[in-house]
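Below is the file my_file_30.txt, which contains compact mmCIF, C-alpha atoms.
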```txt
# COMPACT_ATOMS: atom_id res chain seq x y z
CA MET V 1 -96.53 -40.69 66.32
CA ASN V 2 -95.41 -37.29 65.06
CA TRP V 3 -92.18 -35.49 64.22
CA ASN V 4 -90.52 -33.42 66.97
CA PHE V 5 -89.54 -30.08 65.42
CA SER V 6 -87.52 -28.96 68.43
CA PRO V 7 -84.28 -27.52 66.97
CA ARG V 8 -81.79 -29.74 68.81
CA ILE V 9 -79.92 -31.43 65.96
CA LEU V 10 -76.76 -33.56 65.99
CA ILE V 11 -74.72 -33.90 62.79
CA GLN V 12 -72.91 -37.20 62.31
CA GLY V 13 -70.17 -37.11 59.68
CA ILE V 14 -69.66 -33.37 60.09
CA ASP V 15 -66.20 -33.68 58.52
CA GLN V 16 -67.65 -34.92 55.20
CA ASP V 17 -67.67 -32.51 52.23
CA CYS V 18 -71.46 -32.74 51.81
CA ALA V 19 -71.91 -31.73 55.45
CA GLN V 20 -69.66 -28.72 54.92
CA GLU V 21 -71.63 -27.62 51.88
CA TYR V 22 -74.85 -27.96 53.85
CA LEU V 23 -73.55 -25.94 56.80
CA GLN V 24 -72.28 -23.12 54.60
CA GLN V 25 -75.83 -22.45 53.40
CA PHE V 26 -77.47 -21.97 56.78
CA ASP V 27 -75.55 -19.41 58.78
CA GLY V 28 -78.73 -18.24 60.49
CA HIS V 29 -79.79 -21.72 61.54
CA ARG V 30 -76.54 -23.14 62.87
CA LYS V 31 -77.90 -22.49 66.36
CA ASP V 32 -80.23 -25.45 65.70
CA ILE V 33 -77.18 -27.73 65.44
CA VAL V 34 -75.96 -28.43 68.96
CA ALA V 35 -73.03 -30.77 68.19
CA GLY V 36 -71.18 -32.66 65.48
CA ILE V 37 -69.51 -36.07 65.28
CA THR V 38 -66.58 -36.72 62.96
CA ASP V 39 -66.26 -39.79 60.78
CA GLN V 40 -62.48 -40.01 60.69
CA ASN V 41 -60.87 -36.57 61.03
CA LEU V 42 -60.37 -36.40 64.79
CA ASP V 43 -58.77 -32.94 64.56
CA PHE V 44 -61.69 -31.41 62.67
CA THR V 45 -63.23 -28.21 64.04
CA PHE V 46 -66.11 -26.00 62.93
CA ASP V 47 -66.95 -22.48 64.05
CA GLU V 48 -69.74 -22.24 66.63
CA ILE V 49 -70.50 -26.00 66.64
CA PRO V 50 -68.87 -28.25 69.26
CA VAL V 51 -67.27 -31.22 67.48
CA PHE V 52 -66.57 -34.61 69.07
CA SER V 53 -65.27 -38.00 68.01
CA LEU V 54 -67.68 -39.94 70.24
CA ILE V 55 -71.45 -39.54 70.44
CA THR V 56 -71.35 -40.13 74.20
CA ASP V 57 -69.23 -36.99 74.60
CA ALA V 58 -71.64 -35.02 72.39
CA ILE V 59 -74.63 -36.17 74.44
CA SER V 60 -72.89 -35.14 77.66
CA SER V 61 -72.12 -31.70 76.22
CA ALA V 62 -75.50 -30.95 74.65
CA LYS V 63 -78.56 -32.37 76.40
CA GLY V 64 -81.94 -32.91 74.81
CA MET V 65 -80.97 -33.80 71.24
CA THR V 66 -84.06 -34.70 69.23
CA THR V 67 -82.63 -35.56 65.82
CA SER V 68 -79.48 -36.94 64.23
CA LEU V 69 -78.67 -35.74 60.72
CA ILE V 70 -76.26 -38.20 59.08
CA PHE V 71 -73.78 -37.20 56.38
CA SER V 72 -71.39 -40.07 57.11
CA HIS V 73 -69.54 -42.06 54.46
CA PRO V 74 -71.93 -44.73 53.06
CA TYR V 75 -70.03 -47.56 54.71
CA LEU V 76 -70.15 -45.79 58.08
CA VAL V 77 -73.87 -44.96 58.05
CA LEU V 78 -74.92 -48.24 59.72
CA ASN V 79 -72.61 -47.62 62.68
CA ALA V 80 -73.74 -43.98 62.87
CA VAL V 81 -77.40 -45.06 63.04
CA TYR V 82 -76.66 -47.69 65.70
CA GLU V 83 -74.78 -45.12 67.79
CA ALA V 84 -77.62 -42.59 67.51
CA ILE V 85 -80.21 -45.20 68.51
CA THR V 86 -78.07 -46.33 71.45
CA ALA V 87 -77.88 -42.67 72.54
CA GLN V 88 -81.71 -42.62 72.66
CA ILE V 89 -82.15 -40.31 69.68
CA LYS V 90 -85.58 -41.06 68.26
CA GLN V 91 -85.41 -39.23 64.89
CA ILE V 92 -82.75 -39.93 62.27
CA VAL V 93 -82.41 -38.15 58.93
CA ILE V 94 -80.02 -39.87 56.52
CA TYR V 95 -78.60 -37.57 53.85
CA SER V 96 -75.87 -40.01 52.79
CA GLU V 97 -76.25 -41.79 49.46
CA SER V 98 -75.18 -45.23 48.19
CA VAL V 99 -75.60 -46.99 51.55
CA PRO V 100 -75.09 -50.76 51.04
CA PRO V 101 -78.43 -52.61 50.68
CA LEU V 102 -77.73 -55.04 53.51
CA ASP V 103 -76.88 -52.14 55.81
CA LEU V 104 -80.19 -50.51 54.90
CA PHE V 105 -82.07 -53.66 55.83
CA LYS V 106 -80.33 -53.70 59.23
CA ILE V 107 -81.05 -49.98 59.75
CA TYR V 108 -84.78 -50.34 59.16
CA GLN V 109 -85.00 -53.47 61.31
CA LYS V 110 -83.18 -51.79 64.21
CA ALA V 111 -85.26 -48.61 63.92
CA LYS V 112 -88.51 -50.60 63.95
CA LEU V 113 -87.38 -52.56 66.98
CA LYS V 114 -86.46 -49.40 68.91
CA ASP V 115 -89.40 -47.26 67.67
CA VAL V 116 -87.11 -44.78 65.92
CA LYS V 117 -88.28 -42.67 62.96
CA ILE V 118 -86.03 -42.80 59.87
CA LEU V 119 -86.16 -40.23 57.06
CA GLY V 120 -84.04 -40.93 53.96
CA ILE V 121 -81.68 -42.33 52.69
CA SER V 122 -80.27 -40.35 49.76
CA GLN V 123 -80.78 -36.69 50.63
CA GLY V 124 -83.40 -37.14 53.31
CA GLY V 125 -84.54 -33.82 54.75
CA ILE V 126 -87.43 -31.90 56.30
CA LEU V 127 -88.16 -28.19 56.70
CA ILE V 128 -90.69 -25.61 57.75
CA PRO V 129 -89.88 -22.46 55.75
CA GLU V 130 -88.27 -19.72 57.87
CA GLU V 131 -88.49 -21.91 60.99
CA TYR V 132 -86.90 -25.35 60.86
CA TYR V 133 -84.23 -26.85 58.61
CA CYS V 134 -82.88 -30.38 58.82
CA GLY V 135 -81.00 -31.85 55.86
CA PHE V 136 -82.54 -29.62 53.20
CA ASN V 137 -80.31 -27.68 50.81
CA TYR V 138 -81.44 -24.34 49.38
CA GLY V 139 -84.04 -23.98 52.11
CA ASN V 140 -84.33 -20.24 51.48
CA ILE V 141 -86.00 -21.03 48.13
CA PHE V 142 -89.14 -22.26 49.91
CA GLN V 143 -91.46 -19.41 50.81
CA LYS V 144 -94.15 -19.83 53.44
CA GLY V 145 -97.61 -20.95 52.40
CA ASN V 146 -100.25 -23.65 52.82
CA ILE V 147 -98.89 -26.39 50.53
CA ALA V 148 -97.15 -29.42 51.99
CA MET V 149 -94.72 -31.21 49.68
CA ILE V 150 -93.47 -34.77 49.92
CA ASN V 151 -90.63 -35.33 47.48
CA TYR V 152 -89.64 -38.87 46.45
CA ALA V 153 -86.77 -37.78 44.22
CA ASP V 154 -83.54 -35.82 44.24
CA GLN V 155 -83.84 -32.68 46.38
CA ILE V 156 -83.18 -30.47 43.37
CA ILE V 157 -86.60 -31.49 42.03
CA ALA V 158 -88.33 -30.04 45.09
CA VAL V 159 -86.21 -26.89 44.85
CA THR V 160 -87.05 -26.44 41.18
CA ILE V 161 -90.78 -26.86 41.79
CA ALA V 162 -90.58 -24.33 44.63
CA GLN V 163 -88.88 -21.85 42.30
CA TYR V 164 -91.57 -22.42 39.67
CA LEU V 165 -94.42 -21.95 42.16
CA GLN V 166 -92.96 -18.64 43.36
CA LYS V 167 -94.26 -17.14 40.10
CA PHE V 168 -97.79 -17.84 41.37
CA ASP V 169 -97.06 -16.72 44.96
CA LEU V 170 -97.52 -20.29 46.19
CA GLY V 171 -95.59 -21.33 49.28
CA PHE V 172 -95.17 -24.24 51.66
CA SER V 173 -96.18 -25.25 55.16
CA LYS V 174 -93.80 -28.22 55.30
CA VAL V 175 -91.44 -29.91 52.83
CA ILE V 176 -90.29 -33.50 53.29
CA ASN V 177 -87.69 -35.23 51.15
CA VAL V 178 -88.03 -38.97 51.73
CA GLY V 179 -85.05 -39.82 49.51
CA ASN V 180 -84.49 -41.00 45.96
CA ASN V 181 -83.65 -44.65 46.44
CA LEU V 182 -85.86 -47.62 45.56
CA LEU V 183 -84.59 -49.47 48.62
CA SER V 184 -85.90 -46.82 51.03
CA GLN V 185 -88.75 -47.87 53.27
CA ILE V 186 -91.13 -44.91 53.52
CA ASP V 187 -93.54 -44.48 56.42
CA TRP V 188 -96.27 -42.93 54.29
CA ASP V 189 -98.77 -43.13 57.14
CA LEU V 190 -96.52 -41.05 59.38
CA TRP V 191 -95.93 -38.26 56.89
CA LEU V 192 -99.42 -38.07 55.39
CA GLN V 193 -101.20 -38.20 58.75
CA MET V 194 -98.88 -35.53 60.12
CA LEU V 195 -99.72 -33.26 57.19
CA ASP V 196 -103.43 -34.12 57.37
CA GLU V 197 -103.46 -32.91 60.99
CA ASP V 198 -101.32 -29.83 60.32
CA LYS V 199 -103.45 -26.68 60.65
CA ASN V 200 -101.16 -24.78 58.27
CA THR V 201 -101.52 -27.31 55.43
CA GLU V 202 -104.45 -27.13 53.01
CA VAL V 203 -103.24 -29.31 50.15
CA ILE V 204 -100.53 -31.97 49.76
CA LEU V 205 -98.27 -32.24 46.71
CA ILE V 206 -96.38 -35.51 46.20
CA ASN V 207 -93.55 -35.69 43.64
CA LEU V 208 -92.79 -39.23 42.52
CA GLY V 209 -89.66 -40.25 40.67
CA GLU V 210 -89.09 -43.94 40.14
CA ILE V 211 -90.84 -45.96 42.82
CA SER V 212 -91.24 -49.66 43.51
CA THR V 213 -94.53 -51.53 43.33
CA LYS V 214 -94.56 -52.08 47.10
CA GLU V 215 -94.09 -48.40 47.91
CA THR V 216 -96.69 -47.37 45.33
CA LYS V 217 -99.25 -49.66 46.96
CA ASN V 218 -98.33 -48.37 50.43
CA LEU V 219 -98.70 -44.79 49.23
CA ALA V 220 -102.13 -45.46 47.70
CA THR V 221 -103.33 -47.04 50.94
CA SER V 222 -102.06 -44.11 53.03
CA ILE V 223 -103.69 -41.51 50.75
CA GLU V 224 -107.03 -43.21 51.32
CA LYS V 225 -106.73 -42.63 55.08
CA ILE V 226 -106.50 -38.82 55.00
CA SER V 227 -109.04 -36.10 54.31
CA LYS V 228 -106.99 -33.32 52.69
CA PRO V 229 -106.67 -33.09 48.89
CA VAL V 230 -103.60 -34.76 47.36
CA ILE V 231 -101.98 -33.96 44.01
CA THR V 232 -99.44 -36.48 42.76
CA TYR V 233 -96.89 -35.32 40.19
CA LEU V 234 -95.31 -38.15 38.23
CA LEU V 235 -91.91 -36.83 37.36
CA ASP V 236 -91.39 -35.77 33.79
CA LYS V 237 -87.61 -35.78 34.10
CA ASN V 238 -86.90 -34.42 30.62
CA HIS V 239 -89.11 -31.34 30.87
CA LEU V 240 -88.31 -30.56 34.49
CA LYS V 241 -84.59 -31.06 34.05
CA SER V 242 -84.56 -28.37 31.37
CA LYS V 243 -85.72 -25.91 34.02
CA ILE V 244 -82.91 -26.64 36.44
CA ASN V 245 -80.03 -24.16 36.45
CA ASN V 246 -76.45 -25.34 35.94
CA ASN V 247 -77.55 -28.91 35.15
CA LYS V 248 -77.33 -29.82 38.82
CA ALA V 249 -80.09 -32.43 38.59
CA LYS V 250 -79.01 -36.02 38.75
CA VAL V 251 -80.66 -38.59 36.54
CA ILE V 252 -82.68 -40.36 39.18
CA SER V 253 -82.48 -43.74 37.50
CA ASP V 254 -78.70 -43.69 37.94
CA GLN V 255 -79.23 -43.97 41.70
CA ILE V 256 -81.34 -47.13 41.54
CA PHE V 257 -80.36 -50.69 42.37
CA ASN V 258 -82.11 -52.03 39.26
CA ASN V 259 -80.96 -55.56 39.94
CA LEU V 260 -82.89 -55.62 43.22
CA TYR V 261 -86.02 -53.56 42.63
CA THR V 262 -87.82 -52.72 39.40
CA ALA V 263 -89.25 -49.22 39.13
CA ASN V 264 -92.81 -48.85 37.98
CA SER V 265 -93.61 -47.09 34.74
CA SER V 266 -95.74 -43.95 34.97
CA GLU V 267 -98.65 -45.96 33.51
CA LEU V 268 -98.38 -48.58 36.22
CA ILE V 269 -98.11 -45.95 38.96
CA GLN V 270 -101.27 -44.30 37.64
CA GLU V 271 -103.01 -47.67 37.66
CA TYR V 272 -102.20 -48.14 41.35
CA LEU V 273 -103.08 -44.57 42.36
CA GLN V 274 -106.09 -43.87 40.17
CA ASN V 275 -108.47 -45.62 42.54
CA SER V 276 -107.24 -43.57 45.49
CA LYS V 277 -108.64 -40.11 45.95
CA GLY V 278 -106.51 -37.35 44.56
CA ILE V 279 -105.32 -35.93 41.27
CA ILE V 280 -102.45 -37.27 39.15
CA THR V 281 -100.49 -35.24 36.61
CA GLU V 282 -97.36 -35.74 34.51
CA ASP V 283 -97.16 -32.07 33.47
CA TYR V 284 -95.25 -29.86 35.92
CA GLN V 285 -96.85 -26.77 34.34
CA ALA V 286 -100.27 -28.05 35.48
CA ILE V 287 -99.20 -28.19 39.12
CA SER V 288 -99.83 -24.51 39.85
CA GLU V 289 -103.36 -24.56 38.40
CA LEU V 290 -104.23 -27.75 40.27
CA LEU V 291 -102.95 -26.33 43.57
CA ILE V 292 -104.82 -23.05 43.15
CA SER V 293 -108.06 -24.90 42.40
CA GLN V 294 -108.02 -26.87 45.65
```

What is this structure when it is put down as C-alpha cells?
Amino acid sequence: MNWNFSPRILIQGIDQDCAQEYLQQFDGHRKDIVAGITDQNLDFTFDEIPVFSLITDAISSAKGMTTSLIFSHPYLVLNAVYEAITAQIKQIVIYSESVPPLDLFKIYQKAKLKDVKILGISQGGILIPEEYYCGFNYGNIFQKGNIAMINYADQIIAVTIAQYLQKFDLGFSKVINVGNNLLSQIDWDLWLQMLDEDKNTEVILINLGEISTKETKNLATSIEKISKPVITYLLDKNHLKSKINNNKAKVISDQIFNNLYTANSSELIQEYLQNSKGIITEDYQAISELLISQ
C-alpha cells in the first residue's frame, strides 16, 4: 500500500481561517486543488477553486479525486472524514487540531474498516519539494534533495530544520508531517516502507516530539524492517525554539491530552530505539553532520 501523489485534492472546511492561510501560500499549486467544501458558510467563494456545500456535488464536478485535505472545525472533522470515505476517497490528510478523542477513535476505526489511509491529525501534511503539496505550510522552504523527513511534531519544527539544513545544501525527497498529537495512530510501516522503496531517498530523518510508549514501540519495530539508514532526532525544544523566527513555534506539550496518554521521556525513547538500527541524537546541530556521513 502506497501513497497516490496524483494532484487531485479536495479541501474540506475551505471556509476556515487556517484553510485560507494555507491557500494564500500556494498560488502556483492551486491547480492541484480541484474543489472545496464549506463547513458552514454556504455563500463562501474562492478564486479558481469550485466551492460546494455537499461533497456529492464536488465529486460530480471534479472526477478522480485522490485525497481529501481537512481543515474543518474540530467538532466537524468526524463528519468530514465519514463523508470523504463514503465518497470513496482513499487518502485523508487531517490538518485540524483539537479533534475530540472519541471522534478520533471512530475515525481510525472507520478508516481501518474501509482501507483508507489517514495522515494527521494536528497539522498533517505531505510534500515532494517543487512537485506536490498537501497540507504543508511554507513548502517553498524545502529544497530538493535525497533526505526524507518524517516529522512527529508541530510543522514549524520541520520548517526550521529545513532552513537550517539549507546552509549545508541539504534537501529533501519527501517530507511527511504525521501530526503532533499523542492520540494519533501512525502507520509507521506505510511511511517507512514507502521511503525505503523511494529511489530518490538515501537517508531518513525522523523528528520526535513527545510520543507515547505504544507509538515508540511501533516505530522501533518498523525501523527494523527497512534497509535505508535512519537518524532519529529527539526534539530539544528549548534550543530549537530559539532558532524559530517570530516565536511561531507552539510548545508541543500544550497540545497533549496528558490525562489519557503519558509522553515518554527522551531517556525512555532512547531505551526503546537504541536496539533498533539507526542513530539517535538530541542535538539539532549534529543533524547535518550525521546526514552528510550517511

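Restricting the calculation to only C-alpha atoms, the smallest distance between V:Lys90 and any of V:Leu273, V:Ala35, V:Ile49, V:Ile118 is found for V:Ile118.
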
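Of the residues listed (V:Asn207, V:Asn151, V:Lys167, V:Thr216), V:Asn207 shows the shortest atom-to-atom separation from V:Thr281; distances use only C-alpha atoms.
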
> Smallest atom-to-atom distance to V:Gln123: which of V:Pro100, V:Gly179, V:Pro74, V:Pro229, using all atoms listed in the file?
Replying inline: V:Gly179

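Picture a line from atom CA of V:Leu23 to atom CA of V:Leu235; it runs 28.9 Å.
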
> To one decimal place, how far is atom CA of V:Ala162 from atom CA of V:Ile141 in Å?
Replying inline: 6.6 Å
